[in-house]
Amino acid sequence: MHLEQRLARYALELVDVSGATGSAIWLWDPSLDALQIQASCRLSEDYVGYGNQSAQLPEAKDRAPVYLSYKLGSVIQVESPLTEVTWQFYLEGFQHLQVRFLYTTPVTLGGTRLGTIALYFSDTPEITELGTARIQAIVAQVAAEVSVDSLYRQLRENMQELEETNALLRQSMEKMRETERIKNDFLNAVSHELRTPLTSIVGYSEFLEDGIGGPLNPAQLSHILEIQRGARRLEHLVDDLLDFARLEAGTFKLLFQDGDLAQLLNAVTTSLRPQAVRGDLKLEAPEIPGPVTLRMDTKRIEQVLLNLIGNAIKFTPPGGRVGVTIQRSADEIRVEVTDTGIGIAAEDLPRIFQKFFQVDPSTTRSQGGAGLGLAIAKSLIEAHGGQIGVTSRPGRGSRFWFALPLLTPATQPPAEATP
């Protein structure tokens, strides 16, 4: 049953319990900024139409009984309203009712004003306490019905807005996924296409270095070495792009086997020591005695170590220090890489492992890289069931770390796994 039908029923009940000639339920209409009859009993259509029109007049809002009751929040009783000069504009349309007594009471709920109920009598009634109680009981029901209907309509409007917002979000997500797919396809295609010319550049530069094309003077040899260094940097960039494309596509696979992390760490620091020497840095990575065996993809953990230690070397000014340590606890192995470099601002730390994020784009580009190394390192460590993190202060250096679990045979990952 619609609200209008329920209110019409209450209008009839009001007439029955009060003995009134007619009744009207006036409710506030925000769109008109006025009270309007929403339901009535024994009132003609002309009566209702005239009442709704006159209720929009400024003078009605100031002096009409239904407005006084609405604004004051109290019962207004008027004897012989047809003789009240100030209300003639309001009662002209009601002459056929021969109203001798007007009774209005506010409709409120929880302090919120909702409207007014008007009872029209052809004779002056005797409204007893019991009659007043019955009228107020119906008024309370009207208030509850109106409030519930308002809440329900608001809920429906909110639900509709939510559905429209969800539809827009779904469209945006579909566009984002499509954009992501195109980007990944592009990166994958470009990376593979770059591999062939890079191989030729590296190969022929090595031929020239070996003197196959004829002897080189010192200046020519220096140029060849610069070509090789640039080609290797480009190779690393292509490798990162390929790894990223595989990770995004879900085709990146890890090959787990027992490996010695201590031996791997010693090999990586040995390979990077010349780079530290060229940068006038002290690389402190003491030889780790004895094996530190765990289940891992050795090639990928080597990639993580090269990235973390290589970054520390690149971003530490001459005369600085880079340190590498390994610690073993009951359930994990933790590797830390510390440096005395430029450090990272606090606001950048939460994003440091995000793909394509660069703390200082100008500095990073001068050092090479596309902002993928740390994102890939995070994915690799997490694919091993481990964790990775960083602490840093600008100008005070950084401490990057990762921890790998010591897995029992029952929890070891399969020999081949996809992160």
# chains A, B, ... in the order shown; residues from 1 in each chain; ligands from 1
>>> closest_atom_pairs(of="segment 136-209 of chain A", to="segment 21-37 of chain A", cutoff="12 Å", atoms="only C-alpha atoms", output="tab-separated table")
residue	atom	partner	partner_atom	distance
A:Ile138	CA	A:Ile25	CA	11.1
A:Val139	CA	A:Ile25	CA	9.3
A:Val142	CA	A:Ile25	CA	8.7
A:Ala143	CA	A:Leu27	CA	9.8
A:Glu145	CA	A:Leu27	CA	11.9
A:Val146	CA	A:Leu27	CA	8.8
A:Ser147	CA	A:Leu27	CA	11.2
A:Ser150	CA	A:Asp29	CA	11.8
>>> residues_around(residues="segment 193-206 of chain A", least_positions_apart="6", cutoff="7 Å", atoms="only C-alpha atoms", output="VMD selection string")
chain A and resid 224 228 231
>>> residues_around(residues="Pro317 of chain A", least_positions_apart="4", cutoff="9 Å", atoms="only C-alpha atoms", output="NGL selection string")
:A and (279-281 or 313 or 321 or 340-342)
>>> closest_residue(among="A:Lys314, A:Ser44, A:Asn217, A:Ile117", to="Ala11 of chain A", atoms="only C-alpha atoms")
A:Ile117
>>> atom_distance(atom1="atom CA of Arg153 of chain A", atom2="atom CA of Thr112 of chain A")
17.2 Å
>>> closest_atom_pairs(of="segment 310-411 of chain A", to="segment 252-271 of chain A", cutoff="10 Å", atoms="only C-alpha atoms", output="tab-separated table")
residue	atom	partner	partner_atom	distance
A:Gly310	CA	A:Thr269	CA	9.4
A:Gly323	CA	A:Thr269	CA	9.9
A:Val324	CA	A:Thr269	CA	8.4
A:Thr325	CA	A:Leu265	CA	9.2
A:Ile326	CA	A:Ala262	CA	7.8
A:Ile333	CA	A:Leu261	CA	9.0
A:Val335	CA	A:Leu265	CA	9.2
A:Leu380	CA	A:Leu254	CA	8.6
A:Ala383	CA	A:Leu254	CA	8.2
A:His384	CA	A:Leu254	CA	8.8
>>> closest_residue(among="A:Leu305, A:Val75, A:Leu237, A:Leu216", to="Gln136 of chain A", atoms="only C-alpha atoms")
A:Val75
>>> select_by_dssp(residues="segment 145-340 of chain A", states="strand (DSSP E or B)", output="list of chain:residue names")
A:Leu254, A:Leu255, A:Gln257, A:Asp258, A:Gly259, A:Asp260, A:Lys282, A:Leu283, A:Glu284, A:Thr293, A:Leu294, A:Arg295, A:Met296, A:Arg321, A:Val322, A:Gly323, A:Val324, A:Thr325, A:Ile326, A:Gln327, A:Arg328, A:Glu332, A:Ile333, A:Arg334, A:Val335, A:Glu336, A:Val337, A:Thr338, A:Asp339
